[in-house]
Amino acid sequence: MRLVKSSYKIHTGSFGRSVRFALLSDLHSKEGRKIDGIIKLVAEARPDYILMPGDIFERLDGTLQSDKESGYELIRRSREIAPVIYSIGNHENGGIRSWDKLKWNKIKCIPKYYAPADVEKIEGSGAVIVDDGYVVIDGIAFGGVASGLINISRGPLLDWIDGFCALDMPKVLLCHHPEYYPEYLKGRDIDLIVSGHAHGGQWRVFGRGVFAPGQGLFPKYTEGVHDGKLVVSRGLKPSGVIPRFFNPPEVVIIDVE
């Protein structure tokens, strides 16, 4: 399936300079998955930072190491272009497996567990992991909201977010689930929020996605810019068991001014 590049501009006035971000989400690394086209588009764009808001891998529990190689390669080669900031998706922390009324519904909650070997290899590949917290790099605060599907509430853990929002500097938030935006993040003092997860709605009809986990039928947050601050990627995974229709995977470039 062809890969496309989508470009957006965000105006915040907070950065004091122009900053370019590349958004790479939902690779769902599998053995043999090719990333040369992704890296080519990112390198041509020459971003200042590369944001990966989850599901680059299928799981981080220490199993299926051969399936993870394309994910590690994506991080390594991206880091040769620009700093990589990485947060955690639902596949990576175990928030998967069941459906109910066309929305995600975990039958039971499981402890969040990332195998040390997997985490070390991600960090060794050059990524900075933000897992329900934030870091400051070059005067920019980068936060990461991990998938909350493993929590009893099935919602995100946000006890740290007020401190993040109070920082007197530009703030960029990686949040795998775009459906968290209206309930938890809209109206907060955050300059840029990037998400994935929805895979563009999988099938797109008249410019709208048909279905997304957590949003149901004809979801609102499947791609593009919302409220001038939320940018949703259609993801990088090509067609799988459920094929993509009129919905090519994408590399997203965001210019913030």
# chains A, B, ... in the order shown; residues from 1 in each chain; ligands from 1
>>> closest_atom_pairs(of="stretch 112-140 of chain A", to="stretch 15-23 of chain A", cutoff="12 Å", atoms="only C-alpha atoms", output="JSON lines")
{"residue": "A:Asp138", "atom": "CA", "partner": "A:Phe15", "partner_atom": "CA", "distance": 11.0}
{"residue": "A:Gly139", "atom": "CA", "partner": "A:Phe15", "partner_atom": "CA", "distance": 9.1}
{"residue": "A:Ile140", "atom": "CA", "partner": "A:Phe15", "partner_atom": "CA", "distance": 8.2}
>>> residues_around(residues="stretch 197-208 of chain A", least_positions_apart="6", cutoff="12 Å", atoms="only C-alpha atoms", output="MDAnalysis selection string")
chainID A and resid 24:28 52:56 88:92 95:96 103:104 146:147 174:180 214:224 231:250
>>> residues_around(residues="stretch 40-43 of chain A", least_positions_apart="3", cutoff="7 Å", atoms="only C-alpha atoms", output="list in words")
Ala22, Asp36, Gly37, Arg46 and Ile81 of chain A
>>> write_last_selection(atoms="N, CA and C atoms", output="PDB file, in the first residue's frame")
ATOM      1  N   ALA A  22       7.943  15.632  13.065  1.00  0.00           N
ATOM      2  CA  ALA A  22       7.416  14.502  12.302  1.00  0.00           C
ATOM      3  C   ALA A  22       6.641  13.620  13.269  1.00  0.00           C
ATOM      4  N   ASP A  36      11.833   1.709   4.778  1.00  0.00           N
ATOM      5  CA  ASP A  36      12.646   2.606   3.956  1.00  0.00           C
ATOM      6  C   ASP A  36      11.846   3.810   3.458  1.00  0.00           C
ATOM      7  N   GLY A  37      10.602   3.589   3.029  1.00  0.00           N
ATOM      8  CA  GLY A  37       9.787   4.689   2.535  1.00  0.00           C
ATOM      9  C   GLY A  37       9.465   5.701   3.619  1.00  0.00           C
ATOM     10  N   ARG A  46      13.195  16.944   7.066  1.00  0.00           N
ATOM     11  CA  ARG A  46      14.185  17.530   7.979  1.00  0.00           C
ATOM     12  C   ARG A  46      13.522  18.106   9.242  1.00  0.00           C
ATOM     13  N   ILE A  81      18.131  11.253  12.260  1.00  0.00           N
ATOM     14  CA  ILE A  81      17.598  12.467  11.644  1.00  0.00           C
ATOM     15  C   ILE A  81      17.349  13.543  12.686  1.00  0.00           C
TER      16      ILE A  81
END
>>> residues_around(residues="A:Gly71", least_positions_apart="2", cutoff="8 Å", atoms="only C-alpha atoms", output="ChimeraX atom specification")
/A:27-30,56-57,68-69,73-75
>>> write_last_selection(atoms="C-alpha atoms", output="compact mmCIF listing (two decimals), in the first residue's frame")
# COMPACT_ATOMS: atom_id res chain seq x y z
CA LEU A 27 3.63 0.89 12.86
CA HIS A 28 2.61 -2.30 14.69
CA SER A 29 6.02 -3.79 14.01
CA LYS A 30 6.06 -7.20 12.36
CA ILE A 56 5.13 1.22 17.15
CA PHE A 57 5.26 -2.33 18.55
CA LYS A 68 10.08 -6.06 16.90
CA GLU A 69 13.05 -5.48 14.61
CA GLU A 73 15.02 0.01 13.09
CA LEU A 74 12.46 2.80 12.72
CA ILE A 75 13.63 4.35 16.00
>>> atom_distance(atom1="atom CA of A:Met169", atom2="atom CA of A:Val84")
19.3 Å
>>> closest_residue(among="A:Gly124, A:Gly62, A:Pro170, A:Tyr184", to="A:Val145", atoms="only C-alpha atoms")
A:Tyr184
>>> atom_distance(atom1="atom CA of A:Glu44", atom2="atom CA of A:Glu80")
12.8 Å
>>> atom_distance(atom1="atom CA of A:Ser70", atom2="atom CA of A:Tyr114")
18.3 Å
>>> closest_residue(among="A:Leu64, A:Ala82, A:Val128, A:Ile152", to="A:Ile39", atoms="only C-alpha atoms")
A:Ala82
>>> select_by_dssp(residues="stretch 26-210 of chain A", states="alpha helix (DSSP H)", output="VMD selection string")
chain A and resid 36 to 45 69 to 79 90 to 93 116 to 124 161 to 165 180
>>> write_last_selection(atoms="C-alpha atoms", output="mmCIF file, in the first residue's frame")
data_model
loop_
_atom_site.group_PDB
_atom_site.id
_atom_site.type_symbol
_atom_site.label_atom_id
_atom_site.label_comp_id
_atom_site.auth_asym_id
_atom_site.auth_seq_id
_atom_site.Cartn_x
_atom_site.Cartn_y
_atom_site.Cartn_z
ATOM 1 C CA ASP A 36 12.646 2.606 3.956
ATOM 2 C CA GLY A 37 9.787 4.689 2.535
ATOM 3 C CA ILE A 38 8.962 6.106 5.963
ATOM 4 C CA ILE A 39 12.546 7.127 6.619
ATOM 5 C CA LYS A 40 12.851 8.682 3.155
ATOM 6 C CA LEU A 41 9.851 10.957 3.732
ATOM 7 C CA VAL A 42 11.030 11.932 7.219
ATOM 8 C CA ALA A 43 14.582 12.662 6.070
ATOM 9 C CA GLU A 44 13.314 14.831 3.205
ATOM 10 C CA ALA A 45 11.210 16.870 5.649
ATOM 11 C CA GLU A 69 13.052 -5.477 14.605
ATOM 12 C CA SER A 70 11.283 -3.115 12.200
ATOM 13 C CA GLY A 71 10.196 -1.000 15.189
ATOM 14 C CA TYR A 72 13.719 -0.774 16.562
ATOM 15 C CA GLU A 73 15.023 0.008 13.091
ATOM 16 C CA LEU A 74 12.459 2.804 12.719
ATOM 17 C CA ILE A 75 13.630 4.346 15.997
ATOM 18 C CA ARG A 76 17.348 3.948 15.205
ATOM 19 C CA ARG A 77 17.109 5.456 11.741
ATOM 20 C CA SER A 78 14.769 8.218 12.904
ATOM 21 C CA ARG A 79 17.235 9.154 15.636
ATOM 22 C CA ASN A 90 -2.527 0.164 24.142
ATOM 23 C CA HIS A 91 -0.910 -2.705 22.263
ATOM 24 C CA GLU A 92 2.379 -2.013 24.005
ATOM 25 C CA ASN A 93 1.019 -2.086 27.556
ATOM 26 C CA PRO A 116 13.372 -4.425 30.833
ATOM 27 C CA ALA A 117 15.077 -5.810 27.723
ATOM 28 C CA ASP A 118 12.474 -4.166 25.467
ATOM 29 C CA VAL A 119 12.677 -0.818 27.255
ATOM 30 C CA GLU A 120 16.477 -0.878 27.197
ATOM 31 C CA LYS A 121 16.466 -1.632 23.489
ATOM 32 C CA ILE A 122 14.070 1.232 22.739
ATOM 33 C CA GLU A 123 16.210 3.625 24.751
ATOM 34 C CA GLY A 124 19.360 2.112 23.253
ATOM 35 C CA ILE A 161 -0.772 16.682 34.039
ATOM 36 C CA ASP A 162 -1.498 19.826 36.102
ATOM 37 C CA GLY A 163 2.207 20.266 36.815
ATOM 38 C CA PHE A 164 2.983 19.746 33.153
ATOM 39 C CA CYS A 165 0.414 22.351 32.068
ATOM 40 C CA TYR A 180 -9.030 11.228 25.417
#
>>> select_by_dssp(residues="stretch 50-240 of chain A", states="strand (DSSP E or B)", output="VMD selection string")
chain A and resid 50 to 53 84 to 87 99 to 100 103 to 104 127 to 129 133 to 137 140 to 145 171 to 175 192 to 195 203 to 205 208 to 209 211 to 212 216 to 217 224 to 226 230 to 232
>>> write_last_selection(atoms="C-alpha atoms", output="compact mmCIF listing (two decimals), in the first residue's frame")
# COMPACT_ATOMS: atom_id res chain seq x y z
CA ILE A 50 10.22 13.10 15.78
CA LEU A 51 7.16 12.13 17.86
CA MET A 52 6.02 8.51 18.24
CA PRO A 53 2.79 8.33 20.27
CA VAL A 84 12.88 10.87 19.03
CA ILE A 85 10.21 11.18 21.74
CA TYR A 86 8.20 8.01 22.39
CA SER A 87 5.06 7.26 24.43
CA TRP A 99 -14.79 -5.80 21.86
CA ASP A 100 -18.19 -4.74 23.14
CA LYS A 103 -16.02 0.02 21.28
CA TRP A 104 -13.00 -1.20 23.21
CA ALA A 127 14.32 7.26 21.86
CA VAL A 128 13.36 9.21 24.98
CA ILE A 129 10.38 7.45 26.58
CA GLY A 133 5.16 12.02 32.79
CA TYR A 134 7.31 14.54 30.95
CA VAL A 135 10.84 15.59 30.09
CA VAL A 136 12.28 18.94 29.05
CA ILE A 137 14.46 19.02 25.92
CA ILE A 140 10.34 22.32 25.24
CA ALA A 141 8.36 20.11 27.63
CA PHE A 142 7.40 16.77 26.07
CA GLY A 143 4.76 14.78 27.95
CA GLY A 144 3.37 11.31 27.34
CA VAL A 145 -0.04 9.92 28.31
CA LYS A 171 4.38 22.04 25.80
CA VAL A 172 3.96 19.07 23.45
CA LEU A 173 1.89 16.07 24.55
CA LEU A 174 2.00 12.58 23.04
CA CYS A 175 -1.30 10.80 23.72
CA LEU A 192 0.40 20.64 20.60
CA ILE A 193 -1.15 17.20 21.20
CA VAL A 194 -0.38 14.30 18.86
CA SER A 195 -2.25 10.99 18.67
CA TRP A 203 -12.27 2.62 5.84
CA ARG A 204 -12.82 6.21 4.72
CA VAL A 205 -16.06 7.23 3.00
CA ARG A 208 -14.74 10.32 7.07
CA GLY A 209 -13.49 7.26 8.92
CA PHE A 211 -14.90 3.03 12.74
CA ALA A 212 -12.29 3.61 15.45
CA GLY A 216 -17.29 3.73 17.55
CA LEU A 217 -18.93 4.33 14.17
CA GLY A 224 -5.92 15.88 10.68
CA VAL A 225 -6.00 18.92 12.96
CA HIS A 226 -8.67 19.61 15.58
CA LEU A 230 -4.70 18.15 18.28
CA VAL A 231 -3.10 16.35 15.33
CA VAL A 232 -4.18 12.76 14.67
>>> residues_around(residues="A:Lys9", least_positions_apart="5", cutoff="10 Å", atoms="only C-alpha atoms", output="JSON, numbers by chain")
{"A": [20, 225, 228, 229, 253, 254, 255, 256, 257]}
>>> closest_residue(among="A:Trp160, A:Pro213, A:Gly13, A:Gly94", to="A:Gly196", atoms="only C-alpha atoms")
A:Pro213
